[in-house]
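J.: So here's run-v2.tsv (TSV, C-alpha atoms).
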```tsv
chain	number	residue	atom	x	y	z
A	1	MET	CA	11.38	-5.02	58.32
A	2	ARG	CA	8.74	-4.03	55.78
A	3	LEU	CA	11.42	-2.72	53.50
A	4	ILE	CA	13.24	-6.07	53.52
A	5	PHE	CA	10.06	-8.01	52.76
A	6	GLY	CA	9.17	-5.55	50.03
A	7	CYS	CA	12.57	-5.90	48.41
A	8	LEU	CA	12.47	-9.68	48.61
A	9	LEU	CA	9.02	-9.72	47.05
A	10	ALA	CA	10.10	-7.40	44.25
A	11	PHE	CA	13.22	-9.47	43.54
A	12	ALA	CA	11.26	-12.71	43.54
A	13	ILE	CA	8.73	-11.30	41.10
A	14	ALA	CA	11.52	-9.90	38.91
A	15	ALA	CA	13.28	-13.26	38.78
A	16	VAL	CA	10.10	-15.16	37.92
A	17	ILE	CA	8.91	-12.70	35.28
A	18	GLY	CA	12.33	-12.01	33.77
A	19	LEU	CA	13.69	-15.54	33.56
A	20	GLY	CA	10.27	-16.96	32.72
A	21	ALA	CA	9.86	-14.58	29.80
A	22	THR	CA	13.37	-15.38	28.56
A	23	TRP	CA	12.78	-19.10	28.76
A	24	LEU	CA	9.38	-18.84	27.05
A	25	THR	CA	10.55	-16.66	24.17
A	26	LEU	CA	13.61	-18.82	23.52
A	27	SER	CA	11.78	-22.14	23.57
A	28	ARG	CA	8.66	-21.01	21.66
A	29	GLY	CA	10.21	-18.57	19.21
A	30	THR	CA	9.10	-14.98	18.80
A	31	ALA	CA	6.96	-13.24	16.21
A	32	PHE	CA	9.81	-10.92	15.16
A	33	GLY	CA	10.27	-11.31	11.40
A	34	ALA	CA	8.29	-14.56	11.38
A	35	ILE	CA	6.43	-15.65	8.24
A	36	PRO	CA	3.63	-18.00	9.31
A	37	ILE	CA	2.10	-19.97	6.43
A	38	GLY	CA	-0.44	-22.54	7.56
A	39	ALA	CA	1.22	-24.72	10.18
A	40	TRP	CA	4.68	-23.61	8.97
A	41	THR	CA	6.76	-20.71	10.21
A	42	ALA	CA	9.98	-19.33	8.77
A	43	TRP	CA	12.32	-16.75	10.28
A	44	PRO	CA	14.30	-15.70	7.21
A	45	LYS	CA	15.95	-12.81	9.05
A	46	THR	CA	17.59	-15.31	11.40
A	47	GLY	CA	19.83	-16.26	8.46
A	48	THR	CA	21.15	-12.71	8.09
A	49	GLN	CA	23.25	-10.25	10.04
A	50	ASP	CA	20.04	-8.44	11.01
A	51	ALA	CA	18.99	-11.34	13.24
A	52	ASP	CA	17.12	-9.99	16.27
A	53	PRO	CA	18.47	-10.53	19.81
A	54	TYR	CA	15.94	-13.29	20.46
A	55	SER	CA	17.04	-15.41	17.52
A	56	ARG	CA	20.69	-14.75	18.41
A	57	ALA	CA	20.05	-16.04	21.91
A	58	THR	CA	18.09	-19.03	20.58
A	59	ILE	CA	20.94	-19.96	18.22
A	60	ALA	CA	23.57	-19.62	20.94
A	61	ARG	CA	21.57	-21.70	23.39
A	62	SER	CA	20.69	-24.58	21.05
A	63	GLY	CA	24.02	-24.62	19.18
A	64	GLU	CA	22.35	-24.82	15.78
A	65	LEU	CA	23.52	-22.96	12.68
A	66	PRO	CA	20.63	-21.29	10.86
A	67	VAL	CA	20.32	-21.57	7.07
A	68	GLY	CA	21.99	-18.48	5.60
A	69	SER	CA	19.74	-16.30	3.47
A	70	GLY	CA	21.96	-16.76	0.39
A	71	ASP	CA	21.56	-20.50	0.80
A	72	GLY	CA	17.87	-20.96	1.47
A	73	VAL	CA	15.13	-20.70	4.03
A	74	ALA	CA	13.81	-23.12	6.67
A	75	PHE	CA	10.15	-23.60	7.60
A	76	LEU	CA	9.39	-25.23	10.93
A	77	ALA	CA	6.10	-26.93	11.85
A	78	ARG	CA	5.42	-27.84	15.47
A	79	THR	CA	1.69	-28.45	15.00
A	80	ASP	CA	-0.81	-29.60	12.39
A	81	ASP	CA	-3.13	-27.17	10.57
A	82	ASN	CA	-5.50	-27.17	13.55
A	83	GLY	CA	-2.81	-26.18	16.02
A	84	GLN	CA	-2.48	-29.63	17.63
A	85	SER	CA	1.07	-30.61	18.57
A	86	LEU	CA	2.50	-33.27	16.26
A	87	ASP	CA	2.34	-36.69	17.93
A	88	GLY	CA	4.47	-39.58	16.65
A	89	ARG	CA	1.80	-42.13	17.57
A	90	CYS	CA	-0.68	-40.60	15.10
A	91	ASP	CA	-0.97	-40.93	11.32
A	92	VAL	CA	-0.30	-37.53	9.81
A	93	LEU	CA	-0.60	-36.57	6.14
A	94	ILE	CA	1.41	-33.79	4.50
A	95	ASN	CA	-0.29	-32.86	1.27
A	96	GLY	CA	0.23	-30.19	-1.35
A	97	ILE	CA	3.01	-28.33	-3.13
A	98	THR	CA	6.05	-26.34	-2.07
A	99	PRO	CA	7.19	-22.85	-3.07
A	100	GLN	CA	9.56	-22.44	-5.97
A	101	ALA	CA	13.04	-23.70	-5.15
A	102	ARG	CA	15.86	-25.55	-6.88
A	103	PHE	CA	15.84	-28.22	-4.19
A	104	TRP	CA	13.97	-28.78	-0.97
A	105	THR	CA	14.25	-31.24	1.87
A	106	ILE	CA	11.81	-32.24	4.59
A	107	THR	CA	13.15	-33.70	7.84
A	108	LEU	CA	11.62	-35.01	11.05
A	109	TYR	CA	13.33	-34.11	14.34
A	110	ASP	CA	12.52	-34.47	17.98
A	111	PRO	CA	11.80	-31.08	19.63
A	112	GLN	CA	15.51	-30.71	20.53
A	113	GLY	CA	16.57	-31.08	16.90
A	114	ARG	CA	17.85	-34.66	16.99
A	115	LEU	CA	16.97	-37.17	14.29
A	116	VAL	CA	14.56	-39.89	15.36
A	117	ALA	CA	15.71	-43.51	15.24
A	118	ASN	CA	13.67	-45.88	13.08
A	119	SER	CA	13.98	-49.28	11.43
A	120	ILE	CA	14.67	-48.03	7.88
A	121	ASP	CA	17.04	-45.14	8.73
A	122	ARG	CA	14.83	-42.63	6.96
A	123	TYR	CA	14.71	-39.15	8.47
A	124	GLY	CA	13.05	-37.29	5.62
A	125	PHE	CA	12.97	-36.76	1.88
A	126	THR	CA	14.58	-34.55	-0.71
A	127	SER	CA	12.61	-33.04	-3.59
A	128	GLN	CA	14.28	-35.59	-5.90
A	129	GLU	CA	13.25	-38.64	-3.89
A	130	ILE	CA	9.61	-37.81	-3.45
A	131	ILE	CA	6.96	-39.63	-5.49
A	132	ARG	CA	4.59	-37.09	-7.01
A	133	ARG	CA	1.18	-37.05	-8.65
A	134	ALA	CA	0.84	-36.07	-12.30
A	135	ASP	CA	0.23	-32.41	-11.38
A	136	GLY	CA	3.44	-32.23	-9.35
A	137	SER	CA	1.78	-32.25	-5.94
A	138	PHE	CA	2.70	-34.88	-3.39
A	139	GLU	CA	1.54	-36.62	-0.26
A	140	ILE	CA	3.81	-37.75	2.57
A	141	ALA	CA	2.60	-40.03	5.35
A	142	VAL	CA	4.23	-39.35	8.71
A	143	ALA	CA	3.33	-42.37	10.77
A	144	PRO	CA	4.73	-44.89	13.24
A	145	ARG	CA	4.00	-47.87	10.96
A	146	ALA	CA	4.98	-48.43	7.32
A	147	ARG	CA	2.91	-46.72	4.62
A	148	PRO	CA	3.12	-47.09	0.84
A	149	ASN	CA	4.83	-44.41	-1.28
A	150	ASN	CA	6.27	-41.50	0.70
A	151	TRP	CA	6.61	-42.50	4.33
A	152	ILE	CA	8.53	-40.74	7.10
A	153	PRO	CA	8.66	-42.99	10.18
A	154	THR	CA	8.10	-41.29	13.53
A	155	GLY	CA	9.59	-44.10	15.61
A	156	GLY	CA	6.47	-43.70	17.77
A	157	ILE	CA	7.93	-40.80	19.78
A	158	GLU	CA	5.57	-38.53	21.64
A	159	GLY	CA	6.38	-35.17	20.08
A	160	TYR	CA	8.23	-34.19	16.94
A	161	VAL	CA	8.74	-31.23	14.63
A	162	LEU	CA	9.02	-31.04	10.85
A	163	MET	CA	11.52	-28.85	9.03
A	164	LEU	CA	11.02	-28.02	5.35
A	165	ARG	CA	14.07	-26.32	3.88
A	166	LEU	CA	14.02	-24.60	0.50
A	167	TYR	CA	17.37	-24.15	-1.21
A	168	ASP	CA	18.12	-21.54	-3.87
A	169	THR	CA	14.69	-20.01	-3.63
A	170	PRO	CA	13.09	-16.58	-4.12
A	171	VAL	CA	11.29	-17.09	-0.78
A	172	GLY	CA	12.97	-15.04	1.92
A	173	VAL	CA	12.96	-11.80	3.85
A	174	ALA	CA	10.76	-10.12	1.22
A	175	THR	CA	8.08	-12.84	1.26
A	176	ARG	CA	4.86	-11.64	2.86
A	177	ALA	CA	1.98	-13.96	2.18
A	178	ALA	CA	0.97	-17.54	1.59
A	179	ARG	CA	0.18	-17.02	-2.09
A	180	GLU	CA	3.84	-16.19	-2.71
A	181	ALA	CA	4.88	-19.35	-0.90
A	182	PRO	CA	2.28	-22.16	-1.00
A	183	MET	CA	3.15	-24.64	1.75
A	184	PRO	CA	1.68	-28.15	2.08
A	185	ASN	CA	-1.11	-28.93	4.54
A	186	ILE	CA	-0.50	-31.00	7.64
A	187	GLN	CA	-3.48	-33.05	8.75
A	188	VAL	CA	-3.98	-35.76	11.36
A	189	ARG	CA	-5.74	-38.80	9.88
A	190	ALA	CA	-5.90	-41.20	12.78
A	191	CYS	CA	-4.82	-41.18	16.37
A	192	PRO	CA	-4.81	-44.20	18.65
B	1	MET	CA	-1.93	-2.00	50.58
B	2	MET	CA	-0.73	0.74	48.30
B	3	ARG	CA	2.82	0.06	49.39
B	4	TRP	CA	2.59	-3.61	48.36
B	5	LEU	CA	1.20	-2.68	44.98
B	6	LEU	CA	4.19	-0.44	44.47
B	7	TRP	CA	6.53	-3.29	45.37
B	8	LEU	CA	4.69	-5.52	42.86
B	9	LEU	CA	5.07	-2.90	40.18
B	10	ALA	CA	8.75	-2.48	40.96
B	11	GLY	CA	9.17	-6.25	40.74
B	12	ALA	CA	7.46	-6.38	37.34
B	13	LEU	CA	9.61	-3.55	35.98
B	14	LEU	CA	12.75	-5.18	37.30
B	15	GLY	CA	11.55	-8.43	35.70
B	16	GLY	CA	11.40	-6.72	32.33
B	17	ILE	CA	14.97	-5.56	32.77
B	18	VAL	CA	16.11	-9.02	33.85
B	19	HIS	CA	14.46	-10.46	30.72
B	20	LEU	CA	16.14	-8.04	28.33
B	21	VAL	CA	19.55	-8.39	29.97
B	22	THR	CA	19.46	-12.20	29.97
B	23	VAL	CA	18.47	-12.30	26.29
B	24	LEU	CA	21.27	-9.90	25.33
B	25	VAL	CA	23.94	-11.52	27.49
B	26	LEU	CA	23.06	-15.13	26.70
B	27	PRO	CA	25.01	-15.44	23.39
B	28	ALA	CA	28.22	-14.37	25.11
B	29	THR	CA	27.81	-16.85	27.96
B	30	ALA	CA	26.62	-19.90	25.99
B	31	THR	CA	29.14	-22.71	26.38
B	32	GLN	CA	27.51	-25.14	23.95
B	33	ASP	CA	27.08	-22.92	20.92
B	34	ALA	CA	27.99	-24.16	17.44
B	35	TYR	CA	31.55	-22.79	17.57
B	36	ALA	CA	32.26	-24.55	20.87
B	37	ARG	CA	30.83	-27.80	19.52
B	38	PHE	CA	32.94	-27.67	16.36
B	39	ALA	CA	36.04	-26.69	18.35
B	40	VAL	CA	36.09	-30.27	19.63
B	41	ILE	CA	36.36	-31.88	16.18
B	42	ALA	CA	37.77	-29.18	13.89
B	43	PRO	CA	41.30	-27.74	13.92
B	44	VAL	CA	41.74	-24.05	13.10
B	45	ASN	CA	41.97	-22.94	9.46
B	46	ALA	CA	41.45	-26.34	7.85
B	47	VAL	CA	38.48	-28.07	6.26
B	48	THR	CA	37.20	-30.91	8.43
B	49	PRO	CA	34.38	-33.24	7.34
B	50	VAL	CA	31.40	-33.12	9.68
B	51	PRO	CA	30.16	-36.60	10.57
B	52	PRO	CA	26.64	-37.11	9.16
B	53	PRO	CA	23.96	-36.67	11.84
B	54	THR	CA	22.43	-39.83	13.30
B	55	PRO	CA	19.75	-40.22	16.01
B	56	GLN	CA	22.50	-41.01	18.55
B	57	ASN	CA	25.04	-38.48	17.47
B	58	ALA	CA	25.04	-35.06	15.85
B	59	VAL	CA	27.58	-32.31	16.30
B	60	ILE	CA	24.89	-29.62	16.23
B	61	PRO	CA	21.09	-29.93	16.32
B	62	PHE	CA	18.86	-29.48	13.26
B	63	MET	CA	21.51	-30.58	10.73
B	64	ASP	CA	20.04	-31.48	7.35
B	65	PRO	CA	20.76	-35.21	6.86
B	66	ALA	CA	20.43	-34.86	3.07
B	67	PHE	CA	23.70	-32.92	2.95
B	68	ALA	CA	27.35	-33.84	3.21
B	69	ALA	CA	28.98	-31.12	5.30
B	70	ALA	CA	32.45	-29.89	6.10
B	71	VAL	CA	33.47	-27.10	8.42
B	72	CYS	CA	36.34	-24.63	8.52
B	73	ARG	CA	36.83	-23.06	11.94
B	74	TYR	CA	38.69	-19.93	11.01
B	75	ASP	CA	40.91	-17.49	12.84
B	76	LEU	CA	41.84	-14.38	10.87
B	77	SER	CA	44.32	-12.96	13.40
B	78	ALA	CA	47.26	-14.33	11.36
B	79	GLY	CA	45.91	-12.96	8.07
B	80	PRO	CA	43.13	-13.47	5.53
B	81	ILE	CA	41.86	-16.90	4.56
B	82	LYS	CA	41.53	-18.35	1.10
B	83	LEU	CA	38.62	-20.69	0.58
B	84	ARG	CA	38.33	-22.99	-2.40
B	85	VAL	CA	35.33	-25.27	-2.86
B	86	PRO	CA	34.77	-27.32	-6.03
B	87	VAL	CA	31.03	-27.58	-6.64
B	88	SER	CA	29.35	-30.97	-6.68
B	89	THR	CA	26.85	-32.09	-9.29
B	90	ALA	CA	23.66	-31.27	-7.43
B	91	TYR	CA	23.87	-28.28	-5.11
B	92	THR	CA	26.71	-26.79	-3.13
B	93	SER	CA	26.59	-23.91	-0.68
B	94	VAL	CA	29.06	-22.07	1.52
B	95	SER	CA	27.74	-20.28	4.63
B	96	PHE	CA	29.72	-18.00	6.91
B	97	TYR	CA	28.92	-17.68	10.60
B	98	THR	CA	30.31	-15.37	13.27
B	99	ARG	CA	31.78	-16.67	16.51
B	100	ARG	CA	28.22	-16.47	17.92
B	101	GLY	CA	26.59	-18.41	15.09
B	102	VAL	CA	25.05	-15.48	13.18
B	103	ALA	CA	24.96	-16.21	9.43
B	104	TYR	CA	26.47	-13.10	7.83
B	105	TYR	CA	27.02	-14.41	4.33
B	106	ALA	CA	26.03	-17.40	2.24
B	107	ILE	CA	26.52	-18.24	-1.40
B	108	ASN	CA	25.53	-21.21	-3.54
B	109	ASP	CA	27.05	-22.73	-6.66
B	110	ARG	CA	24.66	-20.97	-9.03
B	111	ALA	CA	25.32	-17.53	-7.53
B	112	ALA	CA	29.07	-18.20	-7.73
B	113	GLY	CA	28.56	-19.17	-11.37
B	114	ARG	CA	31.68	-21.35	-11.69
B	115	ARG	CA	32.90	-24.88	-11.23
B	116	VAL	CA	34.87	-23.75	-8.20
B	117	ILE	CA	33.74	-21.32	-5.50
B	118	GLU	CA	36.78	-19.19	-4.60
B	119	LEU	CA	36.62	-16.62	-1.83
B	120	ASP	CA	38.92	-14.47	0.25
B	121	LEU	CA	37.81	-14.02	3.83
B	122	MET	CA	39.18	-11.15	5.87
B	123	THR	CA	38.30	-8.78	8.68
B	124	ASN	CA	37.08	-5.25	7.90
B	125	GLU	CA	40.49	-3.97	8.95
B	126	GLN	CA	42.42	-6.31	6.66
B	127	ARG	CA	40.13	-5.30	3.82
B	128	ALA	CA	40.83	-1.63	4.46
B	129	ASN	CA	44.58	-2.32	4.39
B	130	LEU	CA	44.46	-4.02	0.98
B	131	PRO	CA	46.68	-2.19	-1.52
B	132	ASP	CA	44.60	-0.03	-3.85
B	133	ASP	CA	46.41	-1.18	-6.96
B	134	GLU	CA	44.99	-4.67	-6.82
B	135	GLU	CA	42.80	-4.20	-9.86
B	136	VAL	CA	42.07	-7.88	-10.06
B	137	THR	CA	40.13	-7.67	-6.83
B	138	ALA	CA	36.78	-6.71	-8.26
B	139	ALA	CA	36.90	-8.96	-11.29
B	140	ASP	CA	38.43	-12.20	-10.13
B	141	ARG	CA	38.21	-12.43	-6.40
B	142	LEU	CA	35.16	-12.51	-4.26
B	143	ILE	CA	36.02	-10.87	-0.95
B	144	VAL	CA	33.95	-11.57	2.14
B	145	GLU	CA	34.39	-9.49	5.26
B	146	SER	CA	34.00	-11.18	8.60
B	147	PRO	CA	32.54	-9.10	11.45
B	148	THR	CA	34.50	-11.21	13.96
B	149	SER	CA	38.08	-12.47	13.75
B	150	THR	CA	36.98	-16.05	14.45
B	151	GLY	CA	33.99	-17.97	13.19
B	152	LEU	CA	32.79	-20.90	11.13
B	153	ILE	CA	32.49	-21.64	7.43
B	154	LEU	CA	30.04	-24.41	6.67
B	155	VAL	CA	30.46	-26.05	3.27
B	156	ARG	CA	27.60	-28.29	2.21
B	157	ALA	CA	26.89	-30.51	-0.78
B	158	LEU	CA	23.46	-31.99	-1.37
B	159	ALA	CA	22.96	-35.70	-1.96
B	160	PRO	CA	19.62	-35.62	-3.81
B	161	GLU	CA	19.25	-39.35	-3.21
B	162	THR	CA	20.68	-41.33	-0.31
B	163	SER	CA	22.84	-43.37	-2.69
B	164	THR	CA	24.66	-40.23	-3.91
B	165	MET	CA	25.94	-39.33	-0.43
B	166	PRO	CA	29.47	-40.71	-1.10
B	167	VAL	CA	29.70	-38.52	-4.22
B	168	ALA	CA	28.69	-35.44	-2.24
B	169	GLN	CA	31.19	-36.26	0.51
B	170	GLY	CA	33.90	-36.85	-2.08
B	171	ALA	CA	33.26	-33.44	-3.63
B	172	LEU	CA	33.91	-31.79	-0.27
B	173	ASN	CA	37.17	-33.67	0.24
B	174	SER	CA	38.98	-31.34	-2.11
B	175	ALA	CA	37.69	-28.17	-0.43
B	176	ARG	CA	40.51	-26.04	1.00
B	177	CYS	CA	40.60	-23.30	3.59
B	178	GLN	CA	44.00	-21.88	4.48
B	179	THR	CA	45.75	-18.68	5.50
B	180	ASP	CA	47.01	-16.54	2.67
B	181	ALA	CA	50.66	-17.54	2.27
B	182	LYS	CA	51.94	-14.40	0.57
B	183	SER	CA	51.72	-11.97	3.51
```
Before anything else, please render the file you have as structure tokens.

T.:
Amino acid sequence: MRLIFGCLLAFAIAAVIGLGATWLTLSRGTAFGAIPIGAWTAWPKTGTQDADPYSRATIARSGELPVGSGDGVAFLARTDDNGQSLDGRCDVLINGITPQARFWTITLYDPQGRLVANSIDRYGFTSQEIIRRADGSFEIAVAPRARPNNWIPTGGIEGYVLMLRLYDTPVGVATRAAREAPMPNIQVRACP
Amino acid sequence: MMRWLLWLLAGALLGGIVHLVTVLVLPATATQDAYARFAVIAPVNAVTPVPPPTPQNAVIPFMDPAFAAAVCRYDLSAGPIKLRVPVSTAYTSVSFYTRRGVAYYAINDRAAGRRVIELDLMTNEQRANLPDDEEVTAADRLIVESPTSTGLILVRALAPETSTMPVAQGALNSARCQTDAKS
């Protein structure tokens, strides 16, 4: 009798720990090969054949196709600079410069990777569309209501993520630190 | 007491194994991976335009809406594939993915250095069986080896401004992906 209870307990613990760890690592992302710069994180190795088993599983589960390393690199931000989850009801300011690249795009998605519906059908910007200051830096307002200059509408959704993709860029697997790849700040200005 | 601690420990160890096994097995069991999603819209060995992502509809998640995209779902079992992509004015890239969505090769218009990106895609075996006397190989043809016999080629052209999207889509219309006729 004790043996049966013991086995059941062990199996229950194994299922909770094993599946829980799998779910957590696949939905949060792992630190393997990650380059965190401010609020942004890139996994350049995910775009190569050396992708680790966790990123392979993540790709297979979500159905996405990662940016290949000969194409570019993608930086994902789930939070602002203070680690707060991005909330579509708040006014958020992205401010600064991007690493060297021939082109870049910034796009707002819901956490599942879908575009977010809004009244002006704008889901992001390309490096060509953005309005810059004289020194080349820029400011993008991510907010539920219209803002002058660069505005990405959030559609008022609860949570969103930002993806900044650099195309034809020296940033990649060999990049180590923020000074090689200066990423813009993400700061919350006002929250209802 | 001691006995229960041992059972706990055994459970934790087994949990570690369950975790590793599920992570390793997951790619092979995923039914909604990118290949499966494209299988619905794209015939084999032909370039098919990918509908631009919208909030209601996107073939795969995290598509970049600034790009026009086309996909070639390839099958090399009948022989190598020839891929021909004219580059658009802004930025064009070709990315190769295995059946499981791993990006094993990607090239952009600047790296290709021509007006047209031309590639031969084959399996390692087909590459090994190439006749040695094909001197042209190194100079003229870019050969890419696919680790799997099926997979995806994603061809993308950037529309730097929303208004240039039709131009980018038009550039991809003349992209070709077909089995090598000569063999």

J.: For chain A against chain B, which residues fall within 7 Å using all atoms listed in the file, given as a PDB file with C-alpha atoms, in the frame of the given file?

T.:
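Wrote it out as result-v4.pdb, contents follow:
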```pdb
ATOM      1  CA  GLY A   6       9.170  -5.550  50.030  1.00  0.00           C
ATOM      2  CA  ALA A  10      10.100  -7.400  44.250  1.00  0.00           C
ATOM      3  CA  PHE A  11      13.220  -9.470  43.540  1.00  0.00           C
ATOM      4  CA  ILE A  13       8.730 -11.300  41.100  1.00  0.00           C
ATOM      5  CA  ALA A  14      11.520  -9.900  38.910  1.00  0.00           C
ATOM      6  CA  ALA A  15      13.280 -13.260  38.780  1.00  0.00           C
ATOM      7  CA  ILE A  17       8.910 -12.700  35.280  1.00  0.00           C
ATOM      8  CA  GLY A  18      12.330 -12.010  33.770  1.00  0.00           C
ATOM      9  CA  LEU A  19      13.690 -15.540  33.560  1.00  0.00           C
ATOM     10  CA  ALA A  21       9.860 -14.580  29.800  1.00  0.00           C
ATOM     11  CA  THR A  22      13.370 -15.380  28.560  1.00  0.00           C
ATOM     12  CA  GLY A  47      19.830 -16.260   8.460  1.00  0.00           C
ATOM     13  CA  THR A  48      21.150 -12.710   8.090  1.00  0.00           C
ATOM     14  CA  GLN A  49      23.250 -10.250  10.040  1.00  0.00           C
ATOM     15  CA  PRO A  53      18.470 -10.530  19.810  1.00  0.00           C
ATOM     16  CA  TYR A  54      15.940 -13.290  20.460  1.00  0.00           C
ATOM     17  CA  ARG A  56      20.690 -14.750  18.410  1.00  0.00           C
ATOM     18  CA  ALA A  57      20.050 -16.040  21.910  1.00  0.00           C
ATOM     19  CA  ILE A  59      20.940 -19.960  18.220  1.00  0.00           C
ATOM     20  CA  ALA A  60      23.570 -19.620  20.940  1.00  0.00           C
ATOM     21  CA  ARG A  61      21.570 -21.700  23.390  1.00  0.00           C
ATOM     22  CA  SER A  62      20.690 -24.580  21.050  1.00  0.00           C
ATOM     23  CA  GLY A  63      24.020 -24.620  19.180  1.00  0.00           C
ATOM     24  CA  GLU A  64      22.350 -24.820  15.780  1.00  0.00           C
ATOM     25  CA  LEU A  65      23.520 -22.960  12.680  1.00  0.00           C
ATOM     26  CA  PRO A  66      20.630 -21.290  10.860  1.00  0.00           C
ATOM     27  CA  GLY A  68      21.990 -18.480   5.600  1.00  0.00           C
ATOM     28  CA  SER A  69      19.740 -16.300   3.470  1.00  0.00           C
ATOM     29  CA  GLY A  70      21.960 -16.760   0.390  1.00  0.00           C
ATOM     30  CA  ASP A  71      21.560 -20.500   0.800  1.00  0.00           C
ATOM     31  CA  GLY A 113      16.570 -31.080  16.900  1.00  0.00           C
ATOM     32  CA  ARG A 114      17.850 -34.660  16.990  1.00  0.00           C
ATOM     33  CA  LEU A 115      16.970 -37.170  14.290  1.00  0.00           C
ATOM     34  CA  VAL A 116      14.560 -39.890  15.360  1.00  0.00           C
ATOM     35  CA  ALA A 117      15.710 -43.510  15.240  1.00  0.00           C
ATOM     36  CA  THR A 126      14.580 -34.550  -0.710  1.00  0.00           C
ATOM     37  CA  GLN A 128      14.280 -35.590  -5.900  1.00  0.00           C
ATOM     38  CA  GLU A 129      13.250 -38.640  -3.890  1.00  0.00           C
TER      39      GLU A 129
END
```

J.: Just how far from atom CA of Asp87 of chain A is atom CA of Val161 of chain A, in Å to one decimal?

T.: 9.0 Å

J.: Taking (0.5, -41.2, 6.4) in the file's coordinates, which residues come within 6 Å, counting only C-alpha atoms, written as a PyMOL selection string?

T.: chain A and resi 91-93+141-143

J.: Would you save the residues from that selection as a PDB file, keeping the file's coordinate frame, using C-alpha atoms?

T.:
```pdb
ATOM      1  CA  ASP A  91      -0.970 -40.930  11.320  1.00  0.00           C
ATOM      2  CA  VAL A  92      -0.300 -37.530   9.810  1.00  0.00           C
ATOM      3  CA  LEU A  93      -0.600 -36.570   6.140  1.00  0.00           C
ATOM      4  CA  ALA A 141       2.600 -40.030   5.350  1.00  0.00           C
ATOM      5  CA  VAL A 142       4.230 -39.350   8.710  1.00  0.00           C
ATOM      6  CA  ALA A 143       3.330 -42.370  10.770  1.00  0.00           C
TER       7      ALA A 143
END
```

J.: Counting only C-alpha atoms, note down every residue that has an atom within 10 Å of the point (15.0, -16.1, 9.1) (file coordinates), as a PDB file with C-alpha atoms, in the coordinates of the input.

T.:
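Contents of selection-v9.pdb, freshly written:
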```pdb
ATOM      1  CA  PHE A  32       9.810 -10.920  15.160  1.00  0.00           C
ATOM      2  CA  GLY A  33      10.270 -11.310  11.400  1.00  0.00           C
ATOM      3  CA  ALA A  34       8.290 -14.560  11.380  1.00  0.00           C
ATOM      4  CA  ILE A  35       6.430 -15.650   8.240  1.00  0.00           C
ATOM      5  CA  THR A  41       6.760 -20.710  10.210  1.00  0.00           C
ATOM      6  CA  ALA A  42       9.980 -19.330   8.770  1.00  0.00           C
ATOM      7  CA  TRP A  43      12.320 -16.750  10.280  1.00  0.00           C
ATOM      8  CA  PRO A  44      14.300 -15.700   7.210  1.00  0.00           C
ATOM      9  CA  LYS A  45      15.950 -12.810   9.050  1.00  0.00           C
ATOM     10  CA  THR A  46      17.590 -15.310  11.400  1.00  0.00           C
ATOM     11  CA  GLY A  47      19.830 -16.260   8.460  1.00  0.00           C
ATOM     12  CA  THR A  48      21.150 -12.710   8.090  1.00  0.00           C
ATOM     13  CA  ASP A  50      20.040  -8.440  11.010  1.00  0.00           C
ATOM     14  CA  ALA A  51      18.990 -11.340  13.240  1.00  0.00           C
ATOM     15  CA  ASP A  52      17.120  -9.990  16.270  1.00  0.00           C
ATOM     16  CA  SER A  55      17.040 -15.410  17.520  1.00  0.00           C
ATOM     17  CA  PRO A  66      20.630 -21.290  10.860  1.00  0.00           C
ATOM     18  CA  VAL A  67      20.320 -21.570   7.070  1.00  0.00           C
ATOM     19  CA  GLY A  68      21.990 -18.480   5.600  1.00  0.00           C
ATOM     20  CA  SER A  69      19.740 -16.300   3.470  1.00  0.00           C
ATOM     21  CA  GLY A  72      17.870 -20.960   1.470  1.00  0.00           C
ATOM     22  CA  VAL A  73      15.130 -20.700   4.030  1.00  0.00           C
ATOM     23  CA  ALA A  74      13.810 -23.120   6.670  1.00  0.00           C
ATOM     24  CA  PHE A  75      10.150 -23.600   7.600  1.00  0.00           C
ATOM     25  CA  GLY A 172      12.970 -15.040   1.920  1.00  0.00           C
ATOM     26  CA  VAL A 173      12.960 -11.800   3.850  1.00  0.00           C
TER      27      VAL A 173
ATOM     28  CA  ALA B 103      24.960 -16.210   9.430  1.00  0.00           C
TER      29      ALA B 103
END
```

J.: To one decimal place, how far is atom CA of Pro80 of chain B from atom CA of Leu172 of chain B in Å?

T.: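 Answer for the atom CA of Pro80 of chain B to atom CA of Leu172 of chain B separation: 21.3 Å.
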
J.: I'd like the neighbourhood of Gly124 of chain A as a CSV table (one decimal) with C-alpha atoms, in the frame of the given file, where a residue qualifies if any of its atoms comes within 9 Å (using all atoms listed in the file), though same-chain residues fewer than 3 positions away should be ignored.

T.:
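Below is the file that was written, part.csv:
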```csv
chain,number,residue,atom,x,y,z
A,105,THR,CA,14.2,-31.2,1.9
A,106,ILE,CA,11.8,-32.2,4.6
A,107,THR,CA,13.2,-33.7,7.8
A,108,LEU,CA,11.6,-35.0,11.0
A,151,TRP,CA,6.6,-42.5,4.3
A,152,ILE,CA,8.5,-40.7,7.1
A,153,PRO,CA,8.7,-43.0,10.2
B,65,PRO,CA,20.8,-35.2,6.9
B,66,ALA,CA,20.4,-34.9,3.1
```

J.: As an exercise, work out the distance from atom CA of Ala78 of chain B to atom CA of Arg141 of chain B in Å and give it to one decimal place.

T.: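 Interatomic distance, atom CA of Ala78 of chain B to atom CA of Arg141 of chain B: 20.0 Å.
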
J.: Choose the residue, out of A:Pro99, A:Ser137, A:Asp168, A:Arg145, that has the smallest atom-to-atom separation from Ile120 of chain A; count only C-alpha atoms.

T.: A:Arg145
